[in-house]
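Colleague: What follows is the file input17.pdb, containing PDB, C-alpha atoms:
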```
ATOM      1  CA  MET A   1      29.610  12.331   8.930
ATOM      2  CA  LEU A   2      29.745   9.843  11.776
ATOM      3  CA  ARG A   3      25.958   9.726  11.782
ATOM      4  CA  GLY A   4      25.935   8.966   8.020
ATOM      5  CA  ILE A   5      28.372   6.113   8.548
ATOM      6  CA  THR A   6      26.183   4.754  11.342
ATOM      7  CA  VAL A   7      23.074   4.934   9.165
ATOM      8  CA  GLY A   8      24.938   3.330   6.265
ATOM      9  CA  MET A   9      26.213   0.535   8.485
ATOM     10  CA  ALA A  10      22.735  -0.074   9.924
ATOM     11  CA  LEU A  11      21.236  -0.128   6.426
ATOM     12  CA  ARG A  12      23.924  -2.553   5.236
ATOM     13  CA  GLU A  13      23.298  -4.802   8.253
ATOM     14  CA  TYR A  14      19.591  -4.855   7.454
ATOM     15  CA  LEU A  15      20.137  -5.561   3.742
ATOM     16  CA  GLU A  16      22.913  -8.161   3.950
ATOM     17  CA  PRO A  17      20.538 -11.109   4.571
ATOM     18  CA  ILE A  18      18.537 -10.118   1.470
ATOM     19  CA  ALA A  19      21.722  -9.664  -0.569
ATOM     20  CA  ASN A  20      23.011 -13.035   0.663
ATOM     21  CA  TRP A  21      19.769 -14.658  -0.454
ATOM     22  CA  PHE A  22      20.354 -13.334  -3.992
ATOM     23  CA  LEU A  23      24.031 -14.323  -3.873
ATOM     24  CA  GLN A  24      23.055 -17.957  -3.290
ATOM     25  CA  PHE A  25      21.842 -18.078  -6.908
ATOM     26  CA  ASP A  26      25.422 -17.547  -8.064
ATOM     27  CA  LEU A  27      24.394 -14.833 -10.521
ATOM     28  CA  PRO A  28      27.033 -13.918 -13.099
ATOM     29  CA  GLU A  29      29.123 -10.930 -12.011
ATOM     30  CA  PRO A  30      28.067  -8.788 -15.013
ATOM     31  CA  VAL A  31      24.400  -9.239 -14.015
ATOM     32  CA  VAL A  32      25.096  -8.156 -10.424
ATOM     33  CA  HIS A  33      27.334  -5.309 -11.568
ATOM     34  CA  TRP A  34      25.456  -3.984 -14.615
ATOM     35  CA  GLY A  35      21.875  -5.298 -14.214
ATOM     36  CA  HIS A  36      20.663  -2.254 -12.292
ATOM     37  CA  PRO A  37      22.151   0.304 -14.714
ATOM     38  CA  VAL A  38      20.833  -1.406 -17.829
ATOM     39  CA  MET A  39      17.304  -1.832 -16.489
ATOM     40  CA  MET A  40      17.170   1.653 -15.018
ATOM     41  CA  ALA A  41      18.458   3.225 -18.233
ATOM     42  CA  ILE A  42      15.434   1.730 -19.961
ATOM     43  CA  VAL A  43      13.098   3.099 -17.293
ATOM     44  CA  VAL A  44      14.635   6.577 -17.195
ATOM     45  CA  PHE A  45      15.217   7.152 -20.888
ATOM     46  CA  VAL A  46      12.291   5.260 -22.427
ATOM     47  CA  MET A  47       9.552   5.598 -19.807
ATOM     48  CA  GLY A  48      10.819   8.922 -18.438
ATOM     49  CA  GLY A  49      11.164  10.350 -21.928
ATOM     50  CA  ALA A  50       7.697   9.130 -22.905
ATOM     51  CA  ALA A  51       6.136  10.449 -19.679
ATOM     52  CA  ALA A  52       7.780  13.852 -20.076
ATOM     53  CA  TYR A  53       6.882  14.085 -23.752
ATOM     54  CA  ALA A  54       3.237  13.145 -23.129
ATOM     55  CA  GLY A  55       2.977  15.462 -20.134
ATOM     56  CA  TRP A  56       4.336  18.466 -22.002
ATOM     57  CA  GLN A  57       2.326  17.667 -25.147
ATOM     58  CA  GLY A  58      -0.808  17.473 -23.007
ATOM     59  CA  ARG A  59       0.068  20.785 -21.430
ATOM     60  CA  LEU A  60       1.003  22.641 -24.618
ATOM     61  CA  ALA A  61      -1.416  21.182 -27.180
ATOM     62  CA  THR A  62      -3.919  23.615 -28.603
ATOM     63  CA  ASN A  63      -6.176  20.816 -29.835
ATOM     64  CA  VAL A  64      -8.319  19.674 -26.888
ATOM     65  CA  GLU A  65      -8.536  16.057 -28.096
ATOM     66  CA  ILE A  66      -4.754  15.786 -28.414
ATOM     67  CA  ALA A  67      -4.268  17.435 -25.019
ATOM     68  CA  VAL A  68      -6.621  14.954 -23.350
ATOM     69  CA  GLU A  69      -5.037  11.989 -25.152
ATOM     70  CA  GLN A  70      -1.512  13.039 -24.118
ATOM     71  CA  LYS A  71      -2.529  13.722 -20.504
ATOM     72  CA  GLN A  72      -4.092  10.253 -20.354
ATOM     73  CA  ALA A  73      -0.911   8.708 -21.756
ATOM     74  CA  HIS A  74       1.138  10.605 -19.164
ATOM     75  CA  ALA A  75      -1.197   9.421 -16.400
ATOM     76  CA  LYS A  76      -0.650   5.798 -17.496
ATOM     77  CA  ILE A  77       3.139   5.929 -17.913
ATOM     78  CA  ALA A  78       4.238   8.144 -15.006
ATOM     79  CA  PRO A  79       2.952   5.977 -12.117
ATOM     80  CA  LEU A  80       4.588   2.866 -13.589
ATOM     81  CA  MET A  81       7.827   4.744 -14.127
ATOM     82  CA  TYR A  82       7.728   5.912 -10.498
ATOM     83  CA  LEU A  83       7.128   2.359  -9.275
ATOM     84  CA  PHE A  84       9.991   0.988 -11.388
ATOM     85  CA  ILE A  85      12.341   3.746 -10.204
ATOM     86  CA  VAL A  86      11.605   3.029  -6.548
ATOM     87  CA  MET A  87      12.000  -0.713  -7.119
ATOM     88  CA  GLY A  88      15.148  -0.069  -9.153
ATOM     89  CA  ALA A  89      16.642   1.992  -6.347
ATOM     90  CA  SER A  90      16.162  -0.998  -4.061
ATOM     91  CA  GLY A  91      17.891  -3.198  -6.634
ATOM     92  CA  GLY A  92      20.771  -0.758  -7.009
ATOM     93  CA  ILE A  93      21.316  -0.586  -3.268
ATOM     94  CA  LEU A  94      21.187  -4.388  -3.021
ATOM     95  CA  SER A  95      23.678  -4.626  -5.896
ATOM     96  CA  LEU A  96      26.126  -2.455  -3.941
ATOM     97  CA  VAL A  97      25.654  -4.595  -0.827
ATOM     98  CA  MET A  98      26.167  -7.766  -2.889
ATOM     99  CA  GLN A  99      29.420  -6.315  -4.259
ATOM    100  CA  GLY A 100      30.590  -5.235  -0.790
ATOM    101  CA  LYS A 101      30.607  -1.551  -1.742
ATOM    102  CA  PRO A 102      29.559   1.482   0.337
ATOM    103  CA  ILE A 103      25.914   2.510   0.052
ATOM    104  CA  LEU A 104      25.472   6.118   1.158
ATOM    105  CA  GLU A 105      28.786   7.542   0.007
ATOM    106  CA  SER A 106      28.306   8.128  -3.717
ATOM    107  CA  PRO A 107      26.708  11.125  -5.429
ATOM    108  CA  HIS A 108      24.822   8.513  -7.477
ATOM    109  CA  PHE A 109      22.952   7.400  -4.345
ATOM    110  CA  TRP A 110      22.065  10.960  -3.361
ATOM    111  CA  THR A 111      20.905  12.041  -6.823
ATOM    112  CA  GLY A 112      18.700   8.934  -6.900
ATOM    113  CA  MET A 113      17.164   9.792  -3.544
ATOM    114  CA  GLY A 114      16.668  13.391  -4.690
ATOM    115  CA  ALA A 115      14.903  12.223  -7.850
ATOM    116  CA  ILE A 116      12.673   9.906  -5.827
ATOM    117  CA  ALA A 117      11.826  12.814  -3.492
ATOM    118  CA  LEU A 118      10.871  14.999  -6.478
ATOM    119  CA  LEU A 119       8.826  12.222  -8.083
ATOM    120  CA  THR A 120       7.097  11.529  -4.759
ATOM    121  CA  THR A 121       6.226  15.213  -4.500
ATOM    122  CA  ASN A 122       4.758  15.040  -7.999
ATOM    123  CA  ALA A 123       2.782  11.906  -7.161
ATOM    124  CA  LEU A 124       1.313  13.673  -4.136
ATOM    125  CA  ILE A 125       0.422  16.685  -6.286
ATOM    126  CA  ALA A 126      -1.335  14.401  -8.772
ATOM    127  CA  THR A 127      -3.317  12.696  -5.989
ATOM    128  CA  THR A 128      -4.725  16.096  -4.982
ATOM    129  CA  LYS A 129      -6.031  16.477  -8.563
ATOM    130  CA  PHE A 130      -3.387  19.181  -8.979
ATOM    131  CA  GLY A 131      -4.705  21.268  -6.114
ATOM    132  CA  LYS A 132      -8.238  20.908  -7.461
ATOM    133  CA  ASN A 133      -6.998  21.883 -10.933
ATOM    134  CA  ASN A 134      -5.077  24.953  -9.746
ATOM    135  CA  PRO A 135      -2.982  26.286 -12.680
ATOM    136  CA  ALA A 136      -0.031  27.146 -10.405
ATOM    137  CA  VAL A 137      -0.015  23.628  -8.958
ATOM    138  CA  ARG A 138      -0.229  22.141 -12.464
ATOM    139  CA  SER A 139       2.763  24.282 -13.471
ATOM    140  CA  ALA A 140       4.670  23.204 -10.375
ATOM    141  CA  HIS A 141       3.952  19.566 -11.288
ATOM    142  CA  ALA A 142       5.312  20.085 -14.811
ATOM    143  CA  TYR A 143       8.502  21.785 -13.669
ATOM    144  CA  ILE A 144       9.135  19.428 -10.748
ATOM    145  CA  GLY A 145       8.745  16.466 -13.103
ATOM    146  CA  SER A 146      11.101  18.018 -15.646
ATOM    147  CA  THR A 147      13.629  18.753 -12.906
ATOM    148  CA  ALA A 148      13.374  15.139 -11.739
ATOM    149  CA  LEU A 149      14.067  13.887 -15.251
ATOM    150  CA  VAL A 150      17.109  16.169 -15.649
ATOM    151  CA  LEU A 151      18.335  14.962 -12.249
ATOM    152  CA  LEU A 152      17.845  11.353 -13.393
ATOM    153  CA  VAL A 153      20.011  12.010 -16.464
ATOM    154  CA  ALA A 154      22.759  13.359 -14.170
ATOM    155  CA  HIS A 155      22.119  10.333 -11.934
ATOM    156  CA  ALA A 156      22.674   8.008 -14.911
ATOM    157  CA  PHE A 157      25.972   9.729 -15.716
ATOM    158  CA  LEU A 158      27.110   9.398 -12.084
ATOM    159  CA  GLY A 159      25.956   5.769 -12.110
ATOM    160  CA  ALA A 160      28.045   5.009 -15.173
ATOM    161  CA  GLN A 161      31.056   6.540 -13.433
ATOM    162  CA  LEU A 162      30.334   4.497 -10.301
ATOM    163  CA  GLY A 163      29.907   1.295 -12.288
ATOM    164  CA  LEU A 164      33.195   1.817 -14.096
ATOM    165  CA  SER A 165      35.001   2.581 -10.835
ATOM    166  CA  ILE A 166      34.029  -0.627  -9.016
TER     167      ILE A 166
END
```
Would you kindly transcribe this structure into structure tokens?
Modeller:
Amino acid sequence: MLRGITVGMALREYLEPIANWFLQFDLPEPVVHWGHPVMMAIVVFVMGGAAAYAGWQGRLATNVEIAVEQKQAHAKIAPLMYLFIVMGASGGILSLVMQGKPILESPHFWTGMGAIALLTTNALIATTKFGKNNPAVRSAHAYIGSTALVLLVAHAFLGAQLGLSI
């Protein structure tokens, strides 16, 4: 645990100048406190839901045209969702620093990092063209993505608890 505290303290030390820069704008407390959760809820539930729906529709459709259309929609939404989640994680961490709260101690932080790890794995799978269109790799991509989305729902619940506790 001592190592985790050291890493957390080093991360906080690195991020405090950035957080202080944002604090100079005298943002309203509700924006600092609830901005990250509101924006990320949109990303997770709207974009994540749309990406998952399109991905599974593309996978399960019996009509080839519909399958192609849904896979293309998934390929457009998922990378943007991933980008917004990574950027949102940065914003959430900065929000904690701005509020003087611990960074690495909450389950919300760790579920977020786990979801980013799963989504990164999926992005890498997609860049390999799904193992040169290997059905097992395509299945892994589908189930890893679904697991990431379920983890993000748990992450949102933990985030709401965290937000209400600080």
Colleague: Write out as lines of an AutoDock Vina configuration file an axis-aligned box for stretch 81-90 of chain A: all of its atoms listed in the file, 8 Å added on each side, centre and edge lengths in Å with one decimal.
Modeller:
```
center_x = 11.9
center_y = 2.5
center_z = -9.1
size_x = 25.5
size_y = 22.9
size_z = 26.1
```
Colleague: Starting from the shown file, work through the PyMOL selection byres ((chain A and resi 61-75) around 12) and note down what comes out as a PyMOL selection string.
Modeller: chain A and resi 47-60+76-82+122-123+126-127+129+138+142+145
Colleague: Determine the residue set returned by the PyMOL selection byres ((chain A and resi 160) around 12) for the present structure, and present it as a ChimeraX atom specification.
Modeller: /A:33-34,36-38,40-41,106-108,153-159,161-166
Colleague: Leaving out A:Glu16 and any residue of its chain fewer than 5 positions from it, which residues lie within 12 Å of it when counting only C-alpha atoms, given as a PyMOL selection string?
Modeller: chain A and resi 8-11+21-23+93-101+103
Colleague: In Å, with one decimal, what is the gap from atom CA of A:Pro30 to atom CA of A:Gly92?
Modeller: 13.5 Å
Colleague: Would you mind reading off the distance between atom CA of A:Val44 and atom CA of A:Trp110, one decimal, in Å?
Modeller: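 Atom-to-atom, atom CA of A:Val44 and atom CA of A:Trp110 are spaced 16.3 Å apart.
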Colleague: For atom CA of A:Ala140 and atom CA of A:Thr111, quote the distance in Å rounded to one decimal.
Modeller: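 Interatomic distance here is 20.0 Å.
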Colleague: Compare A:Gly91, A:Met39, A:Val32, A:Leu104 by their minimum atom-to-atom distance to A:Val7, counting only C-alpha atoms, and give me the closest one.
Modeller: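 Ranked by minimum distance to A:Val7, first place goes to A:Leu104.
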Colleague: Nearest residue to A:Leu118 out of A:Ala89, A:Ala148, A:Val46, A:Ala136, using all atoms listed in the file?
Modeller: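 Closest to A:Leu118, using all atoms listed in the file: A:Ala148.
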Colleague: Using only C-alpha atoms, which of the listed residues (A:Asn134, A:Ser146, A:Gln24, A:Pro102) sits closest to A:Arg12?
Modeller: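 Selected residue with least distance to A:Arg12: A:Pro102.
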Colleague: Would you mind telling me which residue in A:Pro17, A:Val43, A:Thr6, A:Ile144 lies nearest to A:Gly114 when using only C-alpha atoms?
Modeller: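 Looking at the shortest contact to A:Gly114, the residue is A:Ile144.
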